[in-house]
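Peer 1: What follows is the file entry25.tsv, containing TSV, C-alpha atoms:
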```tsv
chain	number	residue	atom	x	y	z
A	502	MET	CA	0.00	0.00	0.00
A	503	VAL	CA	2.74	2.47	0.97
A	504	LYS	CA	4.69	1.39	-2.08
A	505	ASN	CA	1.77	2.19	-4.39
A	506	LEU	CA	1.32	5.55	-2.69
A	507	PHE	CA	5.01	6.35	-3.30
A	508	ILE	CA	4.71	5.37	-6.96
A	509	ILE	CA	1.61	7.53	-7.49
A	510	LEU	CA	3.24	10.44	-5.67
A	511	PHE	CA	6.42	10.01	-7.69
A	512	VAL	CA	4.54	9.93	-11.03
A	513	CYS	CA	2.55	13.06	-10.09
A	514	ILE	CA	5.71	14.90	-9.08
A	515	SER	CA	7.45	13.78	-12.29
A	516	PHE	CA	4.67	15.15	-14.51
A	517	ASP	CA	4.51	18.34	-12.46
A	518	VAL	CA	8.27	18.81	-12.71
A	519	MET	CA	8.25	18.18	-16.48
A	520	ALA	CA	5.41	20.66	-16.96
A	521	LEU	CA	7.27	23.26	-14.92
A	522	GLY	CA	10.42	22.55	-16.93
A	523	GLU	CA	8.64	23.21	-20.22
A	524	GLN	CA	7.00	26.31	-18.82
A	525	SER	CA	10.28	27.71	-17.56
A	526	LEU	CA	11.92	27.17	-20.96
A	527	SER	CA	9.76	29.95	-22.32
A	528	LEU	CA	11.42	32.37	-19.87
A	529	GLN	CA	14.68	32.20	-21.87
A	530	GLY	CA	17.68	33.46	-20.05
A	531	ASP	CA	15.90	34.48	-16.86
A	532	THR	CA	18.28	34.00	-13.96
A	533	SER	CA	15.43	33.43	-11.53
A	534	ALA	CA	14.25	30.55	-13.72
A	535	TYR	CA	17.81	29.22	-13.67
A	536	GLN	CA	17.86	29.41	-9.87
A	537	THR	CA	14.48	27.66	-9.70
A	538	GLN	CA	15.79	24.94	-11.98
A	539	ARG	CA	18.86	24.52	-9.77
A	540	LEU	CA	16.61	24.17	-6.72
A	541	ARG	CA	14.56	21.56	-8.57
A	542	VAL	CA	17.71	19.55	-9.40
A	543	ASN	CA	18.92	19.85	-5.82
A	544	ALA	CA	15.53	18.59	-4.57
A	545	LEU	CA	15.74	15.59	-6.91
A	546	LEU	CA	19.27	14.87	-5.68
A	547	ALA	CA	18.09	15.04	-2.07
A	548	GLU	CA	15.24	12.68	-2.94
A	549	ARG	CA	17.72	10.32	-4.58
A	550	SER	CA	19.87	10.40	-1.46
A	551	SER	CA	16.93	9.52	0.77
A	552	LYS	CA	15.93	6.69	-1.57
A	553	PHE	CA	19.45	5.30	-1.37
A	554	GLY	CA	19.06	5.32	2.42
A	555	GLN	CA	15.79	3.40	2.02
A	556	TYR	CA	17.50	0.99	-0.40
A	557	ASP	CA	20.31	0.40	2.06
A	558	GLU	CA	17.77	-0.35	4.80
A	559	SER	CA	15.82	-2.68	2.52
A	560	LEU	CA	18.98	-4.63	1.70
A	561	ASN	CA	19.58	-5.14	5.42
A	562	ALA	CA	15.93	-6.08	6.04
A	563	ARG	CA	15.73	-9.80	6.72
A	564	THR	CA	12.23	-10.80	7.65
A	565	GLY	CA	12.55	-14.45	6.70
A	566	ILE	CA	13.15	-17.48	8.84
A	567	PHE	CA	16.63	-17.69	10.33
A	568	GLY	CA	17.34	-14.05	9.30
A	569	PHE	CA	17.24	-14.61	5.56
A	570	GLN	CA	15.74	-12.25	3.01
A	571	THR	CA	12.39	-13.12	1.62
A	572	LYS	CA	11.09	-12.58	-1.90
A	573	ARG	CA	9.10	-9.68	-0.53
A	574	ASP	CA	12.30	-8.07	0.86
A	575	ILE	CA	14.05	-8.49	-2.48
A	576	ARG	CA	11.05	-7.10	-4.39
A	577	ASN	CA	10.89	-4.14	-2.05
A	578	SER	CA	14.62	-3.50	-2.63
A	579	ASN	CA	14.15	-3.83	-6.37
A	580	GLU	CA	11.20	-1.40	-6.31
A	581	ILE	CA	13.24	1.17	-4.41
A	582	LEU	CA	16.09	0.67	-6.88
A	583	ARG	CA	13.63	1.16	-9.78
A	584	GLN	CA	12.44	4.42	-8.19
A	585	ILE	CA	16.07	5.52	-7.87
A	586	VAL	CA	16.59	4.84	-11.58
A	587	LEU	CA	13.44	6.78	-12.48
A	588	ASN	CA	14.60	9.60	-10.24
A	589	ASP	CA	17.99	9.53	-11.98
A	590	ASN	CA	16.25	9.85	-15.34
A	591	ASN	CA	14.38	12.90	-14.07
A	592	ILE	CA	17.62	14.32	-12.72
A	593	PHE	CA	19.20	13.95	-16.16
A	594	LYS	CA	16.24	15.69	-17.81
A	595	GLU	CA	16.38	18.54	-15.31
A	596	LEU	CA	20.15	18.81	-15.69
A	597	LYS	CA	19.70	19.04	-19.44
A	598	THR	CA	17.20	21.87	-18.92
A	599	LEU	CA	19.61	23.50	-16.50
A	600	MET	CA	22.40	23.28	-19.08
A	601	GLU	CA	20.09	24.81	-21.69
A	602	TYR	CA	19.48	27.71	-19.32
A	603	LYS	CA	23.21	28.08	-18.84
A	604	ASP	CA	23.71	28.00	-22.63
A	605	LEU	CA	21.01	30.64	-23.04
A	606	GLU	CA	22.71	32.80	-20.42
A	607	VAL	CA	26.07	32.39	-22.14
A	608	THR	CA	24.48	33.26	-25.50
A	609	ALA	CA	22.79	36.30	-23.96
A	610	VAL	CA	26.10	37.45	-22.45
A	611	LYS	CA	27.85	36.96	-25.81
A	612	ASN	CA	25.11	38.93	-27.58
A	613	ASP	CA	25.37	41.71	-25.02
A	614	ALA	CA	29.15	41.73	-25.43
A	615	ASN	CA	28.80	41.89	-29.22
A	616	GLN	CA	26.26	44.69	-29.00
A	617	THR	CA	28.46	46.58	-26.58
A	618	SER	CA	31.46	46.04	-28.84
A	619	ASP	CA	29.45	47.27	-31.83
A	620	ARG	CA	28.34	50.34	-29.89
A	621	ILE	CA	31.92	51.05	-28.85
A	622	GLN	CA	33.06	50.72	-32.48
A	623	ASN	CA	30.28	53.09	-33.58
A	624	TYR	CA	31.28	55.57	-30.88
A	625	LYS	CA	34.91	55.35	-31.96
A	626	LEU	CA	33.88	55.92	-35.58
A	627	ALA	CA	31.71	58.89	-34.59
A	628	ILE	CA	34.55	60.36	-32.51
A	629	LYS	CA	37.00	59.87	-35.38
A	630	THR	CA	34.58	61.55	-37.81
A	631	LEU	CA	34.06	64.46	-35.43
A	632	GLN	CA	37.81	64.80	-34.92
A	633	ASP	CA	38.35	64.85	-38.70
A	634	GLN	CA	35.62	67.47	-39.13
A	635	ASN	CA	37.11	69.52	-36.30
A	636	GLU	CA	40.55	69.35	-37.90
A	637	LYS	CA	39.09	70.33	-41.29
A	638	LEU	CA	37.23	73.28	-39.78
A	639	HIS	CA	40.37	74.31	-37.90
A	640	LYS	CA	42.36	74.26	-41.15
A	641	GLU	CA	39.61	76.25	-42.90
A	642	ALA	CA	39.64	78.79	-40.08
A	643	GLN	CA	43.43	79.05	-40.38
A	644	SER	CA	43.22	79.52	-44.14
A	645	HIS	CA	40.51	82.16	-43.69
A	646	LYS	CA	42.70	83.87	-41.14
A	647	VAL	CA	45.68	83.78	-43.50
A	648	GLY	CA	43.44	84.94	-46.36
A	649	ARG	CA	42.07	87.75	-44.24
A	650	ASN	CA	45.57	88.77	-43.20
A	651	LEU	CA	46.68	88.62	-46.84
A	652	SER	CA	43.70	90.66	-47.98
A	653	ASN	CA	44.39	93.18	-45.21
A	654	LEU	CA	47.99	93.42	-46.45
A	655	VAL	CA	46.83	93.85	-50.06
A	656	ILE	CA	44.31	96.53	-49.02
A	657	ALA	CA	46.97	98.29	-46.94
A	658	PHE	CA	49.40	98.10	-49.87
A	659	LEU	CA	46.76	99.49	-52.26
A	660	VAL	CA	45.82	102.29	-49.84
A	661	LEU	CA	49.49	103.21	-49.43
A	662	SER	CA	50.03	102.97	-53.19
A	663	ILE	CA	47.03	105.19	-53.87
A	664	ALA	CA	48.17	107.60	-51.17
A	665	ALA	CA	51.68	107.62	-52.68
A	666	LEU	CA	50.25	108.16	-56.16
A	667	ILE	CA	48.00	110.96	-54.92
A	668	LEU	CA	50.95	112.54	-53.17
A	669	PHE	CA	53.13	112.04	-56.22
A	670	PHE	CA	50.52	113.52	-58.57
A	671	THR	CA	49.68	116.40	-56.27
A	672	ARG	CA	53.35	117.33	-56.08
A	673	LYS	CA	53.70	116.93	-59.79
A	674	ILE	CA	50.63	119.09	-60.36
A	675	LYS	CA	52.00	121.67	-57.98
A	676	ARG	CA	55.33	121.66	-59.82
A	677	ILE	CA	53.63	121.95	-63.12
A	678	SER	CA	51.48	124.73	-61.90
A	679	LEU	CA	54.53	126.45	-60.37
A	680	THR	CA	56.47	126.07	-63.59
A	681	ASN	CA	53.49	127.32	-65.50
A	682	ASP	CA	53.25	130.23	-63.18
A	683	ILE	CA	56.92	130.96	-63.56
A	684	PHE	CA	57.06	130.58	-67.29
A	685	ASN	CA	53.78	132.08	-67.86
A	686	ILE	CA	54.25	135.70	-68.16
A	687	ARG	CA	51.06	137.00	-68.60
```
I need this file expressed as structure tokens, please.
Peer 2:
Amino acid sequence: MVKNLFIILFVCISFDVMALGEQSLSLQGDTSAYQTQRLRVNALLAERSSKFGQYDESLNARTGIFGFQTKRDIRNSNEILRQIVLNDNNIFKELKTLMEYKDLEVTAVKNDANQTSDRIQNYKLAIKTLQDQNEKLHKEAQSHKVGRNLSNLVIAFLVLSIAALILFFTRKIKRISLTNDIFNIR
């Protein structure tokens, strides 16, 4: 009777654990789901440990005449061993799910690293472009400054040349008018 109760309980727990495992797969990469899965595996391992204790006790159980094991003792031991094997199968399934979570986490970390690397490369490219534009604008400003200085020099030279020409022509006109005045006897 107790044995049948354990089997029914074990089957119900197995289906419940498998359903929770499938449900938690949809949470892809969630660390809380990973922790829950770890707790589930640890619970199965603890259950396995207790079953091994029961198996050890059942091997030492000798209810037969003269302290021998009966068929019932051997069957009970075999049933506990079968439950251990079924539990081991569930442990392997849960470990596989746990490894899938770990793989998803590793993939997520790699994707984040790649995205971060891409962003850094884009930032570097943007900085390089801005530095090039800044250098170009600085050179243009320098050339405008040189051009402005050159044009100021040309304007100054022209103003001085015009002033010199005006001075030269005014003196010449004065000389001509003086010579005309002198030679002009009127």
Peer 1: Give the answer as one residue: which of A:Thr630, A:Ser578, A:Asn612, A:Asn681 has the shortest atom-to-atom distance to Arg563 (chain A), using only C-alpha atoms?
Peer 2: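 With only C-alpha atoms as the atom set, the closest residue is A:Ser578.
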Peer 1: Let me make sure I understand: among A:Ser533, A:Asn543, A:Asn591, A:Asn577, which one has the smallest atom-to-atom distance to Ser559 (chain A) if we use all atoms listed in the file?
Peer 2: A:Asn577
Peer 1: How many Å lie between CA of Phe593 (chain A) and CA of Thr537 (chain A), rounded to one decimal?
Peer 2: 15.9 Å
Peer 1: Using Å and a single decimal, report how far CA of Phe553 (chain A) sits from CA of Lys597 (chain A).
Peer 2: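 Answer for the CA of Lys597 (chain A) to CA of Phe553 (chain A) separation: 22.7 Å.
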Peer 1: Please list as number ranges by chain every residue within 12 Å of Leu596 (chain A), counting all atoms listed in the file and excluding residues in the same chain fewer than 2 positions away.
Peer 2: A: 519, 522, 535, 538-543, 545-546, 589-594, 598-603
Peer 1: What lies within 10 Å of Leu560 (chain A) using all atoms listed in the file, ignoring chain neighbours under 5 positions off, as an MDAnalysis selection string?
Peer 2: chainID A and resid 554:555 570 574:575 577:579
Peer 1: What gap, in Å, lies between CA of Ala547 (chain A) and CA of Asn588 (chain A)?
Peer 2: 10.4 Å
